[in-house]
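Next up, target_30.cif (mmCIF, C-alpha atoms):
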data_data
loop_
_atom_site.label_atom_id
_atom_site.label_comp_id
_atom_site.auth_asym_id
_atom_site.auth_seq_id
_atom_site.Cartn_x
_atom_site.Cartn_y
_atom_site.Cartn_z
CA ARG A 6 -162.00 -157.86 -34.98
CA SER A 7 -158.79 -158.41 -36.90
CA ARG A 8 -156.11 -160.98 -37.55
CA PRO A 9 -153.69 -159.43 -35.02
CA ALA A 10 -156.51 -159.38 -32.47
CA ARG A 11 -157.13 -163.07 -33.07
CA ALA A 12 -153.44 -163.83 -32.49
CA ARG A 13 -153.57 -161.98 -29.18
CA ALA A 14 -156.74 -163.84 -28.21
CA GLU A 15 -155.07 -167.19 -28.90
CA ASP A 16 -152.06 -166.13 -26.84
CA ALA A 17 -154.39 -165.19 -23.99
CA LEU A 18 -156.02 -168.63 -24.21
CA VAL A 19 -152.63 -170.35 -24.13
CA ARG A 20 -151.59 -168.29 -21.10
CA PHE A 21 -154.78 -169.18 -19.29
CA ALA A 22 -154.42 -172.86 -20.19
CA LEU A 23 -150.84 -172.97 -18.90
CA LEU A 24 -152.04 -171.50 -15.61
CA ALA A 25 -154.95 -173.96 -15.48
CA GLY A 26 -152.66 -176.97 -15.92
CA ASP A 27 -154.56 -180.27 -16.05
CA ARG A 28 -157.80 -178.35 -15.55
CA ALA A 29 -157.44 -176.91 -19.04
CA LEU A 30 -159.39 -179.95 -20.24
CA ASP A 31 -162.40 -178.96 -18.10
CA PHE A 32 -163.79 -176.67 -20.81
CA VAL A 33 -164.44 -176.57 -24.55
CA VAL A 34 -163.40 -173.59 -26.65
CA ILE A 35 -166.28 -172.23 -28.72
CA GLY A 36 -166.66 -168.96 -30.61
CA GLY A 37 -164.35 -166.93 -32.81
CA LEU A 38 -161.11 -168.88 -32.43
CA ASN A 39 -162.68 -171.88 -34.18
CA PRO A 40 -163.17 -170.75 -37.81
CA ASP A 41 -159.44 -170.85 -38.58
CA PHE A 42 -159.35 -174.52 -37.58
CA LEU A 43 -162.68 -175.49 -39.14
CA ALA A 44 -162.15 -173.69 -42.46
CA PRO A 45 -158.37 -173.67 -43.03
CA ASP A 46 -158.64 -173.40 -46.83
CA ALA A 47 -161.16 -170.57 -47.06
CA PRO A 48 -160.56 -168.09 -49.92
CA VAL A 49 -159.71 -165.30 -47.46
CA PRO A 50 -158.71 -165.52 -43.79
CA HIS A 51 -161.44 -165.27 -41.20
CA GLN A 52 -162.01 -161.76 -39.87
CA GLY A 53 -160.73 -162.76 -36.43
CA THR A 54 -161.92 -162.23 -32.87
CA THR A 55 -161.12 -160.38 -29.68
CA ASP A 56 -162.89 -162.87 -27.40
CA VAL A 57 -162.09 -166.27 -25.95
CA ASP A 58 -165.29 -168.19 -25.20
CA LEU A 59 -165.02 -171.16 -22.83
CA LEU A 60 -167.97 -173.52 -22.37
CA PHE A 61 -168.18 -175.48 -19.13
CA ALA A 62 -170.14 -178.68 -18.56
CA LEU A 63 -172.06 -178.32 -15.31
CA GLY A 64 -174.30 -180.86 -13.62
CA VAL A 65 -178.06 -180.52 -13.40
CA SER A 66 -177.60 -179.05 -9.93
CA PRO A 67 -174.09 -177.56 -9.96
CA SER A 68 -173.96 -176.98 -6.20
CA GLU A 69 -174.52 -180.69 -5.58
CA THR A 70 -171.76 -182.02 -7.81
CA ASP A 71 -168.20 -182.83 -6.84
CA GLN A 72 -166.83 -180.25 -9.28
CA ASP A 73 -164.38 -177.82 -7.74
CA PHE A 74 -163.54 -174.63 -9.62
CA ALA A 75 -161.21 -173.14 -7.03
CA TRP A 76 -158.46 -173.55 -9.63
CA LEU A 77 -160.26 -171.01 -11.80
CA ASP A 78 -159.80 -168.22 -9.27
CA THR A 79 -156.11 -169.01 -9.04
CA ALA A 80 -155.62 -169.06 -12.82
CA LEU A 81 -157.54 -165.83 -13.39
CA ASP A 82 -155.58 -164.01 -10.68
CA ALA A 83 -152.22 -165.34 -11.82
CA GLY A 84 -153.01 -164.42 -15.43
CA GLY A 85 -153.82 -160.83 -14.58
CA PHE A 86 -157.46 -161.17 -15.62
CA GLU A 87 -159.76 -158.53 -14.17
CA SER A 88 -163.43 -159.23 -13.59
CA VAL A 89 -165.98 -157.27 -15.59
CA ASN A 90 -169.05 -158.97 -14.18
CA GLY A 91 -167.98 -162.38 -12.86
CA TRP A 92 -168.29 -164.27 -16.13
CA ARG A 93 -166.47 -161.75 -18.35
CA TRP A 94 -162.79 -161.22 -17.62
CA ASP A 95 -160.38 -158.84 -19.33
CA ALA A 96 -156.65 -159.22 -19.74
CA THR A 97 -154.08 -157.06 -21.50
CA VAL A 98 -151.90 -158.76 -24.10
CA GLY A 99 -149.32 -156.32 -25.39
CA GLN A 100 -151.21 -153.05 -25.64
CA SER A 101 -154.59 -154.64 -26.35
CA ARG A 102 -157.50 -155.97 -24.35
CA VAL A 103 -158.62 -159.58 -24.72
CA ARG A 104 -161.87 -160.76 -23.20
CA LEU A 105 -162.33 -164.20 -21.64
CA GLU A 106 -165.94 -165.37 -21.26
CA LEU A 107 -167.10 -168.26 -19.06
CA LEU A 108 -170.27 -169.84 -20.42
CA CYS A 109 -172.63 -172.71 -19.64
CA ASP A 110 -175.96 -174.12 -20.81
CA VAL A 111 -177.84 -175.13 -17.64
CA TRP A 112 -181.58 -174.60 -17.73
CA ASP A 113 -182.73 -175.82 -14.31
CA HIS A 114 -181.15 -172.66 -12.90
CA THR A 115 -183.33 -169.55 -12.82
CA ALA A 116 -180.70 -166.80 -12.61
CA ASP A 117 -178.75 -165.42 -15.57
CA THR A 118 -175.48 -166.75 -14.16
CA VAL A 119 -174.59 -170.08 -12.59
CA PRO A 120 -172.27 -170.42 -9.57
CA LEU A 121 -169.10 -172.42 -10.13
CA PRO A 122 -168.64 -174.67 -7.09
CA GLY A 123 -165.45 -173.86 -5.22
CA SER A 124 -164.93 -170.52 -6.95
CA THR A 125 -165.40 -167.36 -4.90
CA ARG A 126 -165.08 -164.90 -7.79
CA ALA A 127 -166.14 -166.50 -11.06
CA VAL A 128 -169.55 -167.49 -12.38
CA ALA A 129 -170.70 -168.82 -15.76
CA CYS A 130 -173.17 -166.98 -17.96
CA LYS A 131 -176.18 -169.14 -18.72
CA ILE A 132 -176.95 -169.05 -22.43
CA ALA A 133 -179.24 -171.24 -24.50
CA GLY A 134 -177.96 -173.47 -27.25
CA PRO A 135 -174.23 -174.14 -26.99
CA ALA A 136 -174.47 -177.41 -25.01
CA ALA A 137 -174.22 -179.39 -28.24
CA ALA A 138 -170.60 -178.21 -28.54
CA LEU A 139 -169.65 -180.20 -25.44
CA ALA A 140 -170.12 -183.52 -27.23
CA ASP A 141 -167.22 -185.10 -29.11
CA PRO A 142 -164.90 -182.08 -29.04
CA VAL A 143 -161.74 -181.95 -31.15
CA SER A 144 -158.32 -181.92 -29.48
CA ARG A 145 -156.13 -179.24 -31.02
CA GLU A 146 -152.53 -178.30 -30.41
CA LEU A 147 -151.76 -174.62 -29.94
CA ARG A 148 -148.25 -173.26 -30.23
CA VAL A 149 -146.70 -171.51 -27.26
CA THR A 150 -145.45 -168.33 -28.93
CA ALA A 151 -142.32 -166.43 -27.98
CA ALA A 152 -144.46 -163.76 -26.36
CA VAL A 153 -146.09 -166.33 -24.09
CA ARG A 154 -142.80 -168.12 -23.42
CA ALA A 155 -141.32 -164.88 -22.09
CA ASP A 156 -143.67 -165.31 -19.12
CA PHE A 157 -143.62 -169.12 -19.07
CA PRO A 158 -140.02 -170.13 -19.88
CA MET A 159 -140.59 -173.76 -18.87
CA ALA A 160 -143.70 -174.21 -21.03
CA PRO A 161 -143.79 -176.99 -23.66
CA GLU A 162 -143.68 -176.18 -27.35
CA THR A 163 -147.44 -176.78 -27.68
CA ILE A 164 -150.45 -177.35 -25.48
CA THR A 165 -153.56 -179.42 -26.22
CA LEU A 166 -157.05 -178.04 -25.67
CA ARG A 167 -160.56 -179.16 -26.52
CA PHE A 168 -162.39 -177.22 -29.25
CA ALA A 169 -165.93 -177.55 -30.59
CA ASN A 170 -166.21 -179.85 -33.60
CA LEU A 171 -167.86 -178.65 -36.80
CA GLY A 172 -171.42 -179.66 -35.91
CA GLY A 173 -171.12 -178.41 -32.35
CA TYR A 174 -169.71 -175.09 -33.48
CA LEU A 175 -172.46 -174.51 -36.02
CA LEU A 176 -175.21 -175.33 -33.54
CA ALA A 177 -173.69 -173.09 -30.88
CA LYS A 178 -173.11 -170.27 -33.36
CA ALA A 179 -176.67 -170.52 -34.65
CA ALA A 180 -177.97 -170.19 -31.09
CA ALA A 181 -175.83 -167.09 -30.62
CA ALA A 182 -176.97 -165.61 -33.94
CA ILE A 183 -180.63 -165.96 -32.97
CA SER A 184 -180.32 -164.83 -29.36
CA ARG A 185 -177.89 -161.91 -29.86
CA GLY A 186 -178.75 -160.73 -33.34
CA LEU A 187 -175.16 -159.62 -33.98
CA ALA A 188 -173.79 -159.26 -37.50
CA LYS A 189 -170.57 -161.06 -36.57
CA ASP A 190 -172.49 -164.24 -35.73
CA ARG A 191 -174.17 -164.31 -39.16
CA TYR A 192 -170.81 -163.94 -40.86
CA ASP A 193 -169.10 -166.56 -38.69
CA LEU A 194 -171.87 -169.09 -39.28
CA MET A 195 -171.90 -168.75 -43.06
CA TYR A 196 -168.10 -168.59 -43.32
CA VAL A 197 -167.69 -171.94 -41.60
CA MET A 198 -170.72 -173.48 -43.30
CA LEU A 199 -169.40 -172.71 -46.79
CA PHE A 200 -165.67 -173.14 -46.32
CA ASN A 201 -165.29 -175.97 -43.81
CA ASP A 202 -162.97 -178.80 -44.80
CA HIS A 203 -165.73 -181.43 -44.53
CA GLY A 204 -167.29 -180.57 -47.90
CA GLY A 205 -168.86 -177.15 -47.61
CA ALA A 206 -172.62 -176.91 -47.09
CA ALA A 207 -173.16 -180.64 -47.52
CA GLY A 208 -170.46 -181.41 -44.97
CA ALA A 209 -171.94 -178.84 -42.59
CA ALA A 210 -175.36 -180.47 -42.84
CA ALA A 211 -173.89 -183.91 -42.19
CA ALA A 212 -171.92 -182.63 -39.19
CA VAL A 213 -174.95 -180.87 -37.70
CA THR A 214 -177.11 -183.96 -38.17
CA SER A 215 -174.48 -186.15 -36.51
CA GLN A 216 -174.12 -183.74 -33.60
CA LEU A 217 -177.87 -183.57 -33.10
CA MET A 218 -177.97 -187.36 -32.87
CA LEU A 219 -175.24 -187.31 -30.23
CA THR A 220 -177.01 -184.63 -28.20
CA GLU A 221 -180.69 -185.30 -28.90
CA GLU A 222 -181.66 -184.87 -25.24
CA ILE A 223 -180.15 -181.38 -24.95
CA ALA A 224 -179.92 -179.97 -28.47
CA SER A 225 -182.49 -178.76 -30.98
CA PRO A 226 -182.24 -177.97 -34.70
CA ASP A 227 -184.61 -175.00 -34.33
CA ASP A 228 -181.99 -172.24 -34.20
CA ILE A 229 -179.87 -173.43 -37.10
CA VAL A 230 -182.94 -174.07 -39.23
CA GLU A 231 -184.13 -170.53 -38.53
CA CYS A 232 -180.69 -169.09 -39.34
CA LEU A 233 -180.52 -170.93 -42.64
CA ARG A 234 -183.99 -169.72 -43.58
CA ARG A 235 -182.91 -166.13 -43.00
CA PHE A 236 -180.01 -166.60 -45.43
CA LEU A 237 -182.25 -167.87 -48.24
CA ASP A 238 -183.05 -164.37 -49.48
CA ALA A 239 -179.94 -163.34 -51.40
CA SER A 240 -181.04 -159.71 -51.25
CA GLY A 241 -181.64 -159.82 -47.49
CA THR A 242 -179.69 -158.57 -44.50
CA TRP A 243 -178.17 -161.91 -43.51
CA ALA A 244 -176.68 -162.71 -46.91
CA GLY A 245 -175.64 -159.07 -47.21
CA THR A 246 -173.73 -159.15 -43.93
CA PHE A 247 -171.75 -162.16 -45.10
CA ALA A 248 -170.96 -160.52 -48.45
CA GLU A 249 -169.90 -157.24 -46.88
CA VAL A 250 -167.50 -158.80 -44.40
CA MET A 251 -166.01 -161.12 -47.02
CA MET A 252 -165.27 -158.16 -49.29
CA ALA A 253 -163.83 -156.18 -46.39
CA SER A 254 -161.59 -159.17 -45.65
CA GLY A 255 -160.16 -159.16 -49.17
CA ASP A 256 -162.45 -161.42 -51.22
CA ASP A 257 -162.55 -160.01 -54.75
CA SER A 258 -165.82 -161.71 -55.71
CA ALA A 259 -168.73 -159.50 -56.66
CA GLU A 260 -171.19 -158.73 -53.88
CA ALA A 261 -174.01 -160.33 -55.85
CA GLN A 262 -172.00 -163.55 -56.17
CA LEU A 263 -171.23 -163.68 -52.45
CA ARG A 264 -174.87 -163.09 -51.62
CA ALA A 265 -175.89 -165.86 -54.01
CA ASP A 266 -173.29 -168.21 -52.52
CA ALA A 267 -174.71 -167.64 -49.04
CA ALA A 268 -178.28 -168.21 -50.18
CA SER A 269 -177.52 -171.35 -52.20
CA GLY A 270 -175.33 -172.79 -49.46
CA ALA A 271 -178.06 -172.19 -46.91
CA ARG A 272 -180.61 -173.88 -49.16
CA ARG A 273 -178.47 -176.97 -49.63
CA CYS A 274 -177.67 -177.25 -45.95
CA LEU A 275 -181.27 -176.65 -44.89
CA ASP A 276 -182.64 -179.22 -47.32
CA MET A 277 -180.24 -181.87 -46.07
CA ILE A 278 -180.90 -181.15 -42.37
CA THR A 279 -184.69 -181.07 -42.66
CA THR A 280 -184.91 -184.25 -44.75
CA GLN A 281 -182.92 -186.39 -42.32
#

Is it possible to express this structure as structure tokens?
Amino acid sequence: RSRPARARAEDALVRFALLAGDRALDFVVIGGLNPDFLAPDAPVPHQGTTDVDLLFALGVSPSETDQDFAWLDTALDAGGFESVNGWRWDATVGQSRVRLELLCDVWDHTADTVPLPGSTRAVACKIAGPAAALADPVSRELRVTAAVRADFPMAPETITLRFANLGGYLLAKAAAAISRGLAKDRYDLMYVMLFNDHGGAAGAAAAVTSQLMLTEEIASPDDIVECLRRFLDASGTWAGTFAEVMMASGDDSAEAQLRADAASGARRCLDMITTQ
């Protein structure tokens, strides 16, 4: 993960969106592209990402809906994306690989992947927890860079896509942190929780509470509460991961201070969420 990798990932998303046309509003962008938008004034830039995670809203019984994802096959083919396993697709931007992931949160379906009606090649990976990000997404404008315009000379200056809002992102990221156990998810979660432009930990708690109210039938606070509890020990692995990545990204604060910041931020956010 790096800043140049993030730029390539955003270019890959813009390329895909241009190929998707009006269907580019059929998904919500979650994952590693979000921290830059949610925490624009952080003390150091976010570490970046190599992945583009797209969350699709599917009906209770996808095969019985009127959704038609034939457009997805066309866009993936035209964009030069190659299937890894049906829900993971790789593309080459410059000399680097960017991964596009198709995700959903549908729990009446027993398999690990969910068919996308009308698509003959793509499926969505069924994961628990990110559905909250589908509610009240934020419309964001992405610039069509010169590199993208070389392949799309008639493209507009910007395109508009739907991104997870602060509460939706934190709930989805917490679900990923618990289910995958990856260090990058711990860092991403704390980075956005502390440095978001809604007021840091207090703003994060308010956003999560609001999102839970919007999605009470499909979302649970269990994962984010568990994540926050794991950050409470300043000497523990979770706070340590955050401190290590922040220092590697250029933050000149002492490791002990960064660990303490993570623990105190988690405490404030947890107290506000659990007392609502």

Inset, instruction - Fewer than 6 positions away in the same chain doesn't count, so skip those; otherwise give me all residues within 6 Å of region 130-147 of chain A, counting all atoms listed in the file, as a VMD selection string. - result: chain A and resid 92 108 to 110 117 to 118 163 to 170 173 to 174 177 180 220 224

Inset, instruction - Pull the neighbourhood of (-175.7, -179.2, -46.9) for me: all residues within 12 Å in file coordinates, counting all atoms listed in the file, as an NGL selection string. - result: :A and (172 or 195 or 198-201 or 203-214 or 230 or 233 or 267-281)

Legend entry - Neighbour list for region 239-245 of chain A as a list in words, cut-off 10 Å, all atoms listed in the file, skip fewer than 2 positions in-chain: Ala188, Asp190, Arg191, Tyr192, Met195, Cys232, Leu233, Arg234, Arg235, Phe236, Leu237, Phe247, Ala248, Glu249, Val250, Met251, Glu260, Ala261, Gln262, Leu263, Arg264, Ala265, Asp266, Ala267, Ala268, Ser269 and Ala271 of chain A

Inset, instruction - Kindly give the distance, in Å, that separates CA of Val19 (chain A) and CA of Gly84 (chain A), rounded to a single decimal. - result: 10.5 Å

Inset, instruction - Have a look at A:Ala80, A:Leu105, A:Arg93, A:Arg28 and name the one nearest to Ala14 (chain A); count only C-alpha atoms. - result: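 Closest candidate: A:Leu105.
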
Could you tell me, as a PDB file with C-alpha atoms, in the coordinates of the input, exactly which residues end up selected when the PyMOL selection byres ((chain A and resi 36) around 8) is applied to this structure?
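The new file expr_2.pdb reads:
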ATOM      1  CA  VAL A  34    -163.400-173.590 -26.650  1.00  0.00           C
ATOM      2  CA  ILE A  35    -166.280-172.230 -28.720  1.00  0.00           C
ATOM      3  CA  GLY A  37    -164.350-166.930 -32.810  1.00  0.00           C
ATOM      4  CA  LEU A  38    -161.110-168.880 -32.430  1.00  0.00           C
ATOM      5  CA  ASN A  39    -162.680-171.880 -34.180  1.00  0.00           C
ATOM      6  CA  ASP A  56    -162.890-162.870 -27.400  1.00  0.00           C
ATOM      7  CA  VAL A  57    -162.090-166.270 -25.950  1.00  0.00           C
ATOM      8  CA  ASP A  58    -165.290-168.190 -25.200  1.00  0.00           C
ATOM      9  CA  TYR A 174    -169.710-175.090 -33.480  1.00  0.00           C
ATOM     10  CA  LYS A 178    -173.110-170.270 -33.360  1.00  0.00           C
TER      11      LYS A 178
END
